[in-house]
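Raw contents of run_29.tsv, TSV, C-alpha atoms and all ligand atoms:
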chain	number	residue	atom	x	y	z
H	1	MET	CA	86.68	80.14	120.60
H	2	SER	CA	87.46	79.84	116.93
H	3	THR	CA	85.06	78.43	114.33
H	4	ILE	CA	85.36	74.63	113.98
H	5	ARG	CA	87.24	73.86	110.75
H	6	THR	CA	88.34	70.92	108.63
H	7	VAL	CA	92.13	70.80	108.95
H	8	LEU	CA	94.72	68.83	106.99
H	9	ILE	CA	98.31	68.38	108.16
H	10	THR	CA	100.87	66.69	105.94
H	11	GLY	CA	103.31	64.38	107.72
H	12	GLY	CA	101.04	64.00	110.75
H	13	ASN	CA	102.22	60.57	111.86
H	14	ARG	CA	105.14	61.82	113.98
H	15	GLY	CA	107.15	64.80	115.18
H	16	ILE	CA	105.81	68.33	114.80
H	17	GLY	CA	102.99	67.23	112.45
H	18	TYR	CA	101.63	64.82	115.06
H	19	ALA	CA	101.68	67.57	117.71
H	20	ILE	CA	99.89	69.96	115.34
H	21	ALA	CA	97.17	67.35	114.78
H	22	GLU	CA	96.82	66.86	118.57
H	23	GLN	CA	96.49	70.62	119.09
H	24	PHE	CA	93.74	71.07	116.48
H	25	LEU	CA	91.92	68.00	117.86
H	26	ALA	CA	92.10	69.42	121.39
H	27	GLU	CA	90.42	72.57	120.06
H	28	GLY	CA	87.58	70.49	118.60
H	29	HIS	CA	88.42	70.75	114.89
H	30	ARG	CA	87.92	68.00	112.29
H	31	VAL	CA	91.47	66.79	111.63
H	32	ALA	CA	92.98	64.75	108.80
H	33	VAL	CA	96.65	63.89	108.42
H	34	THR	CA	98.63	62.48	105.56
H	35	ALA	CA	101.12	59.76	106.33
H	36	ARG	CA	103.30	57.46	104.27
H	37	SER	CA	103.35	55.04	107.21
H	38	GLY	CA	101.76	54.89	110.66
H	39	SER	CA	98.90	57.19	111.55
H	40	GLY	CA	97.95	60.45	113.20
H	41	PRO	CA	96.67	60.81	116.78
H	42	GLU	CA	93.46	59.15	117.90
H	43	GLY	CA	90.47	61.07	116.60
H	44	SER	CA	92.15	62.13	113.36
H	45	LEU	CA	91.55	60.70	109.90
H	46	THR	CA	94.73	59.26	108.39
H	47	VAL	CA	95.08	59.19	104.61
H	48	ARG	CA	98.03	57.84	102.64
H	49	ALA	CA	99.88	60.41	100.55
H	50	ASP	CA	103.38	61.21	99.43
H	51	VAL	CA	103.94	64.92	98.82
H	52	THR	CA	106.24	64.17	95.89
H	53	ASP	CA	103.28	62.58	94.07
H	54	ALA	CA	100.49	64.96	92.96
H	55	ALA	CA	98.08	62.10	92.18
H	56	SER	CA	98.35	60.73	95.73
H	57	ILE	CA	97.69	64.22	97.12
H	58	ASP	CA	94.60	64.57	94.93
H	59	GLN	CA	93.31	61.19	96.13
H	60	ALA	CA	93.95	62.15	99.76
H	61	PHE	CA	91.98	65.39	99.39
H	62	THR	CA	89.12	63.58	97.68
H	63	ALA	CA	88.96	61.07	100.56
H	64	ILE	CA	89.06	63.82	103.19
H	65	GLU	CA	86.40	65.89	101.42
H	66	ALA	CA	84.11	62.84	101.41
H	67	GLU	CA	84.63	62.15	105.15
H	68	LEU	CA	85.12	65.58	106.70
H	69	GLY	CA	84.12	68.16	104.09
H	70	PRO	CA	86.32	70.62	102.18
H	71	VAL	CA	89.71	71.38	103.70
H	72	GLU	CA	89.64	74.87	105.21
H	73	VAL	CA	93.02	74.85	106.95
H	74	VAL	CA	96.07	73.21	105.41
H	75	VAL	CA	99.41	72.85	107.15
H	76	ALA	CA	102.25	71.88	104.80
H	77	ASN	CA	104.53	70.25	107.35
H	78	ALA	CA	106.10	67.23	105.63
H	79	GLY	CA	109.81	67.74	105.22
H	80	ILE	CA	113.18	66.03	105.02
H	81	THR	CA	116.84	66.90	105.44
H	82	ARG	CA	119.78	65.54	103.53
H	83	ASP	CA	122.60	67.54	105.09
H	84	THR	CA	126.07	67.59	103.63
H	85	LEU	CA	128.62	70.19	102.64
H	86	LEU	CA	128.12	71.95	99.31
H	87	MET	CA	131.20	70.33	97.77
H	88	ARG	CA	129.80	66.88	98.55
H	89	MET	CA	126.15	67.65	97.81
H	90	SER	CA	124.89	65.72	94.79
H	91	GLU	CA	122.28	67.17	92.50
H	92	GLU	CA	119.97	64.43	93.77
H	93	ASP	CA	120.58	65.53	97.39
H	94	PHE	CA	119.50	69.02	96.36
H	95	THR	CA	116.53	68.24	94.13
H	96	SER	CA	115.05	65.57	96.40
H	97	VAL	CA	114.94	67.97	99.36
H	98	VAL	CA	113.45	70.75	97.23
H	99	ASP	CA	110.97	68.29	95.71
H	100	THR	CA	109.65	67.27	99.14
H	101	ASN	CA	109.90	70.51	101.11
H	102	LEU	CA	109.08	73.16	98.51
H	103	THR	CA	107.45	71.54	95.48
H	104	GLY	CA	105.61	69.22	97.90
H	105	ALA	CA	104.11	72.23	99.68
H	106	PHE	CA	103.19	73.76	96.30
H	107	ARG	CA	101.37	70.56	95.26
H	108	VAL	CA	99.42	70.46	98.51
H	109	VAL	CA	98.40	74.12	98.62
H	110	LYS	CA	97.50	74.15	94.93
H	111	ARG	CA	95.06	71.28	95.53
H	112	ALA	CA	93.77	72.91	98.72
H	113	SER	CA	93.16	76.25	97.01
H	114	LYS	CA	90.37	74.75	94.84
H	115	GLY	CA	88.04	74.27	97.79
H	116	MET	CA	89.22	77.42	99.55
H	117	LEU	CA	88.39	79.59	96.54
H	118	LYS	CA	84.93	78.09	96.38
H	119	ALA	CA	84.41	78.68	100.10
H	120	ARG	CA	86.04	82.10	99.97
H	121	PHE	CA	87.88	81.06	103.10
H	122	GLY	CA	91.19	79.40	103.75
H	123	ARG	CA	94.19	79.23	106.05
H	124	ILE	CA	97.46	78.07	104.51
H	125	VAL	CA	100.36	77.47	106.89
H	126	LEU	CA	103.78	76.50	105.56
H	127	VAL	CA	106.26	74.99	108.00
H	128	SER	CA	109.64	76.47	107.17
H	129	SER	CA	112.68	76.72	109.45
H	130	VAL	CA	114.91	79.33	111.05
H	131	VAL	CA	117.54	77.98	108.67
H	132	GLY	CA	115.53	79.22	105.68
H	133	LEU	CA	116.55	82.82	106.28
H	134	TYR	CA	119.50	82.33	108.65
H	135	GLY	CA	121.28	79.75	106.50
H	136	GLY	CA	122.98	76.64	107.76
H	137	ALA	CA	126.38	75.14	106.95
H	138	GLY	CA	125.75	71.77	105.32
H	139	GLN	CA	122.15	72.68	104.57
H	140	ALA	CA	122.22	74.47	101.20
H	141	ASN	CA	119.45	72.20	99.90
H	142	TYR	CA	117.27	72.39	103.02
H	143	SER	CA	117.78	76.12	103.57
H	144	ALA	CA	116.97	76.94	99.92
H	145	SER	CA	113.80	74.83	100.10
H	146	LYS	CA	112.66	76.52	103.31
H	147	ALA	CA	113.42	80.04	102.04
H	148	GLY	CA	111.37	79.25	98.94
H	149	LEU	CA	108.31	78.74	101.14
H	150	VAL	CA	108.40	82.45	102.02
H	151	GLY	CA	108.04	83.45	98.37
H	152	LEU	CA	105.29	80.86	97.97
H	153	ALA	CA	103.27	82.18	100.93
H	154	ARG	CA	103.71	85.81	99.90
H	155	SER	CA	102.68	85.17	96.30
H	156	ILE	CA	99.60	83.27	97.47
H	157	THR	CA	98.80	86.18	99.78
H	158	ARG	CA	98.90	88.59	96.84
H	159	GLU	CA	96.87	86.28	94.58
H	160	LEU	CA	94.24	85.07	97.03
H	161	GLY	CA	94.22	87.60	99.86
H	162	ALA	CA	91.00	89.21	98.65
H	163	ARG	CA	89.17	85.85	98.80
H	164	GLY	CA	89.40	85.36	102.56
H	165	ILE	CA	92.50	83.19	102.25
H	166	THR	CA	95.65	83.80	104.30
H	167	ALA	CA	99.05	82.18	103.75
H	168	ASN	CA	101.71	82.33	106.42
H	169	VAL	CA	105.04	80.75	107.21
H	170	VAL	CA	105.95	79.40	110.63
H	171	ALA	CA	109.69	79.09	111.10
H	172	PRO	CA	110.66	76.78	113.97
H	173	GLY	CA	114.14	76.77	115.44
H	174	PHE	CA	115.38	73.58	117.08
H	175	ILE	CA	112.57	71.29	118.11
H	176	GLU	CA	112.87	67.96	119.92
H	177	THR	CA	111.95	65.45	117.21
H	178	GLU	CA	113.58	62.58	115.33
H	179	MET	CA	114.95	65.15	112.86
H	180	THR	CA	117.14	66.79	115.52
H	181	ALA	CA	117.72	63.65	117.64
H	182	VAL	CA	120.06	62.36	114.93
H	183	LEU	CA	122.41	65.36	115.36
H	184	PRO	CA	125.61	64.52	117.28
H	185	GLU	CA	125.47	65.51	121.00
H	186	GLU	CA	128.33	68.00	120.48
H	187	GLN	CA	126.43	69.79	117.71
H	188	GLN	CA	123.28	69.88	119.84
H	189	ALA	CA	125.28	71.54	122.65
H	190	GLU	CA	126.68	74.12	120.19
H	191	TYR	CA	123.18	74.98	119.00
H	192	ARG	CA	121.93	75.31	122.58
H	193	LYS	CA	124.68	77.85	123.25
H	194	ALA	CA	123.57	79.92	120.24
H	195	ILE	CA	119.87	79.96	121.19
H	196	PRO	CA	118.96	82.86	123.52
H	197	ALA	CA	116.34	80.65	125.22
H	198	ALA	CA	119.16	78.12	125.85
H	199	ARG	CA	116.96	75.11	125.07
H	200	PHE	CA	115.22	73.30	122.26
H	201	ALA	CA	111.43	73.58	122.02
H	202	THR	CA	108.80	70.88	122.22
H	203	PRO	CA	106.66	70.12	119.17
H	204	ALA	CA	103.64	71.37	121.15
H	205	GLU	CA	105.14	74.86	121.35
H	206	VAL	CA	105.17	75.02	117.55
H	207	ALA	CA	101.71	73.47	117.27
H	208	LYS	CA	100.09	76.14	119.44
H	209	VAL	CA	101.42	78.95	117.23
H	210	ILE	CA	100.20	77.16	114.11
H	211	SER	CA	96.69	76.67	115.50
H	212	TRP	CA	96.60	80.34	116.44
H	213	ILE	CA	97.70	81.57	112.99
H	214	ALA	CA	94.89	79.43	111.55
H	215	SER	CA	92.30	80.78	113.98
H	216	ASP	CA	89.67	83.48	113.49
H	217	ASP	CA	91.80	85.84	115.59
H	218	ALA	CA	94.58	85.85	112.98
H	219	ALA	CA	92.37	86.77	110.00
H	220	TYR	CA	94.38	89.90	109.21
H	221	ILE	CA	97.82	88.27	109.25
H	222	SER	CA	99.06	87.03	105.89
H	223	GLY	CA	102.43	86.69	104.18
H	224	ALA	CA	104.10	86.76	107.59
H	225	VAL	CA	107.06	84.71	108.75
H	226	ILE	CA	106.50	83.79	112.37
H	227	PRO	CA	109.55	82.52	114.22
H	228	VAL	CA	109.26	79.90	116.98
H	229	ASP	CA	112.95	79.66	117.69
H	230	GLY	CA	113.78	80.96	121.16
H	231	GLY	CA	115.33	84.06	119.58
H	232	LEU	CA	117.87	82.23	117.42
H	233	GLY	CA	116.98	83.91	114.14
H	234	MET	CA	116.29	87.43	115.41
H	235	GLY	CA	116.33	89.95	112.58
H	236	HIS	CA	116.52	87.35	109.82
J	1	LIG	P1	110.28	64.35	111.34
J	1	LIG	O1	111.46	63.87	110.59
J	1	LIG	O2	110.05	63.91	112.75
J	1	LIG	O3	108.93	64.10	110.50
J	1	LIG	C1	108.86	64.44	109.16
J	1	LIG	C2	107.47	64.18	108.65
J	1	LIG	O4	107.42	64.49	107.25
J	1	LIG	C3	107.08	62.71	108.78
J	1	LIG	O5	105.71	62.61	109.08
J	1	LIG	C4	107.35	62.18	107.39
J	1	LIG	O6	106.60	61.05	107.04
J	1	LIG	C5	106.91	63.36	106.55
J	1	LIG	N1	107.42	63.26	105.18
J	1	LIG	C6	108.71	63.30	104.78
J	1	LIG	N2	108.77	63.15	103.43
J	1	LIG	C7	107.50	63.00	103.00
J	1	LIG	C8	106.89	62.82	101.73
J	1	LIG	N3	107.62	62.72	100.61
J	1	LIG	N4	105.56	62.71	101.65
J	1	LIG	C9	104.81	62.78	102.76
J	1	LIG	N5	105.30	62.95	103.99
J	1	LIG	C10	106.63	63.06	104.10
J	1	LIG	O7	110.40	65.93	111.26
J	1	LIG	P2	109.88	67.08	112.22
J	1	LIG	O8	108.60	66.75	112.82
J	1	LIG	O9	111.01	67.51	113.05
J	1	LIG	O10	109.68	68.23	111.11
J	1	LIG	C11	108.40	68.62	110.60
J	1	LIG	C12	108.61	69.87	109.76
J	1	LIG	O11	109.20	70.88	110.57
J	1	LIG	C13	109.56	69.67	108.58
J	1	LIG	O12	109.12	70.39	107.48
J	1	LIG	C14	110.87	70.22	109.12
J	1	LIG	O13	111.69	70.67	108.07
J	1	LIG	C15	110.37	71.37	109.97
J	1	LIG	N6	111.29	71.80	110.99
J	1	LIG	C16	111.75	70.97	111.96
J	1	LIG	C17	112.62	71.44	112.92
J	1	LIG	C18	113.15	70.60	114.03
J	1	LIG	O14	114.00	71.10	114.78
J	1	LIG	N7	112.72	69.38	114.22
J	1	LIG	C19	113.09	72.82	112.89
J	1	LIG	C20	112.56	73.61	111.83
J	1	LIG	C21	111.69	73.10	110.93
J	1	LIG	P3	107.23	59.54	107.21
J	1	LIG	O15	107.06	59.17	108.65
J	1	LIG	O16	106.40	58.72	106.29
J	1	LIG	O17	108.67	59.63	106.79
Will you turn the file into structure tokens for me?
Ligand code: NDP
Amino acid sequence: MSTIRTVLITGGNRGIGYAIAEQFLAEGHRVAVTARSGSGPEGSLTVRADVTDAASIDQAFTAIEAELGPVEVVVANAGITRDTLLMRMSEEDFTSVVDTNLTGAFRVVKRASKGMLKARFGRIVLVSSVVGLYGGAGQANYSASKAGLVGLARSITRELGARGITANVVAPGFIETEMTAVLPEEQQAEYRKAIPAARFATPAEVAKVISWIASDDAAYISGAVIPVDGGLGMGH
């Protein structure tokens, strides 16, 4: 049994973020989620925040600290896609995805690091994607943003590793959420063929790995990229 922690998940109102919140709750942790709309699972504290807005993140942390104490585990999960071929990709398509997925994670972990440094303890988990290192046609913006998370986690590891803080990347493959439900059936079938496990994963399968990497048992793992992709990205 791991120590009970205060956990924050960004984008915890649906999809993988919601499942991560459920997992930490099931293990007895104090759980807060950020949401722009809706709310996290029953038993969690929902705070409004947009990861593109540093002031809203600061307010969310302040509210969580008041209710649940300093954030000890932060999962930067909020993310968007805006897929299109390079030739058609506008600068706005590129920068908006990077602003949410990469700069958004930076804003959140920067704010989280304040309390973690004071506590000399912290678990930072960045939700990347197999596409970050594997690449994806039509996903130059998304892939670049997700690859950037690896450099972010590894730099944090070098800066803060001696203070009891770990920073890791979890790289899911294809997970059954609204993000993948919008893909055409044909494309989904193609992906299934390419995945050694021959199926998509459930959000819960990602959530269990994230709760483990944040647990006491994973104290000596930092700067790692942990795939949860049924073998799709092997070697990348
Ligand atoms: P969903 O589209 O189902 O959910 C995305 C979540 O991110 C929502 O909670 C959404 O909030 C939130 N979000 C988006 N933009 C912002 C923002 N600016 N500020 C705050 N919250 C925001 O996605 P998934 O659950 O599938 O994905 C979760 C993470 O996992 C993402 O980072 C994604 O890139 C990654 N991932 C997903 C894979 C998959 O196959 N599904 C595979 C690999 C990685 P709101 O409801 O308000 O829009």
(request) List all protein, DNA and RNA residues that have any atom at most 8 Å from ligand LIG 1 (chain J), counting all atoms listed in the file, and write the list as a ChimeraX atom specification. (result) /H:10-18,34-38,49-53,76-81,100-101,104,127-131,142,146,171-180,200,203
(request) Would you work out the distance separating atom CA of H:Trp212 from atom CA of H:Pro41, expressed in Å to one decimal? (result)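 Atom CA of H:Pro41 lies at a distance of 19.5 Å from atom CA of H:Trp212.
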Contacts between stretch 56-60 of chain H and stretch 72-167 of chain H, please, where a residue of stretch 72-167 of chain H counts if it comes within 9 Å (with only C-alpha atoms); show its shortest atom pair and distance in Å to one decimal, rows by chain and ascending number, as CSV.
residue,atom,partner,partner_atom,distance
H:Arg107,CA,H:Ile57,CA,7.6
H:Val108,CA,H:Ile57,CA,6.6
H:Arg111,CA,H:Asp58,CA,6.8
(request) Could you give me, as a list in words, the residues within 8 Å of stretch 85-96 of chain H, counting all atoms listed in the file and dropping anything in the same chain fewer than 2 positions from it? (result)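 Listed by chain and then number, they are Arg82, Asp83, Val98, Asp99, Thr100, Ala137, Gly138, Gln139, Ala140, Asn141 and Tyr142 of chain H.
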(message) When you count all atoms listed in the file, which of these residues is closest to H:His236: H:Val182, H:Ala147, H:Ala55, H:Ala63?
(response)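 Among H:Val182, H:Ala147, H:Ala55, H:Ala63, it is H:Ala147 that comes nearest to H:His236.
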(message) Let me make sure I understand: among H:Ile221, H:Val31, H:Val228, H:Val97, which one has the smallest atom-to-atom distance to H:Ala144 if we use only C-alpha atoms?
(response)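 The closest residue to H:Ala144 is H:Val97.
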(request) Take atom CA of H:Gly164 and atom CA of H:Leu152 and report the distance between them in Å, one decimal. (result) 17.1 Å
(message) Using all atoms listed in the file, which protein or nucleic acid residues come within 10 Å of stretch 207-210 of chain H? Drop anything in the same chain fewer than 4 positions from it, and give the result as a list of chain:residue names.
(response)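 The neighbour list is H:Ile16, H:Gly17, H:Tyr18, H:Ala19, H:Ile20, H:Ala21, H:Glu22, H:Gln23, H:Phe24, H:Val75, H:Val125, H:Leu126, H:Val127, H:Asn168, H:Val169, H:Val170, H:Thr202, H:Pro203, H:Ala214, H:Ser215, H:Ile226, H:Pro227, H:Val228.
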Just C-alpha atoms for this one: save the residues we selected as a CSV table (one decimal), in the coordinates of the input.
chain,number,residue,atom,x,y,z
H,16,ILE,CA,105.8,68.3,114.8
H,17,GLY,CA,103.0,67.2,112.4
H,18,TYR,CA,101.6,64.8,115.1
H,19,ALA,CA,101.7,67.6,117.7
H,20,ILE,CA,99.9,70.0,115.3
H,21,ALA,CA,97.2,67.4,114.8
H,22,GLU,CA,96.8,66.9,118.6
H,23,GLN,CA,96.5,70.6,119.1
H,24,PHE,CA,93.7,71.1,116.5
H,75,VAL,CA,99.4,72.8,107.2
H,125,VAL,CA,100.4,77.5,106.9
H,126,LEU,CA,103.8,76.5,105.6
H,127,VAL,CA,106.3,75.0,108.0
H,168,ASN,CA,101.7,82.3,106.4
H,169,VAL,CA,105.0,80.8,107.2
H,170,VAL,CA,106.0,79.4,110.6
H,202,THR,CA,108.8,70.9,122.2
H,203,PRO,CA,106.7,70.1,119.2
H,214,ALA,CA,94.9,79.4,111.6
H,215,SER,CA,92.3,80.8,114.0
H,226,ILE,CA,106.5,83.8,112.4
H,227,PRO,CA,109.6,82.5,114.2
H,228,VAL,CA,109.3,79.9,117.0
(request) Rounded to one decimal place, report the atom CA of H:Arg120-atom CA of H:Gly40 distance in Å. (result)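 Separation of atom CA of H:Arg120 and atom CA of H:Gly40: 28.0 Å.
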(message) Need the shell around H:Gly230: protein/DNA/RNA residues with any atom at most 7 Å away, counting all atoms listed in the file. Skip same-chain ones fewer than 4 positions apart. Format as a ChimeraX atom specification?
(response) /H:195-197
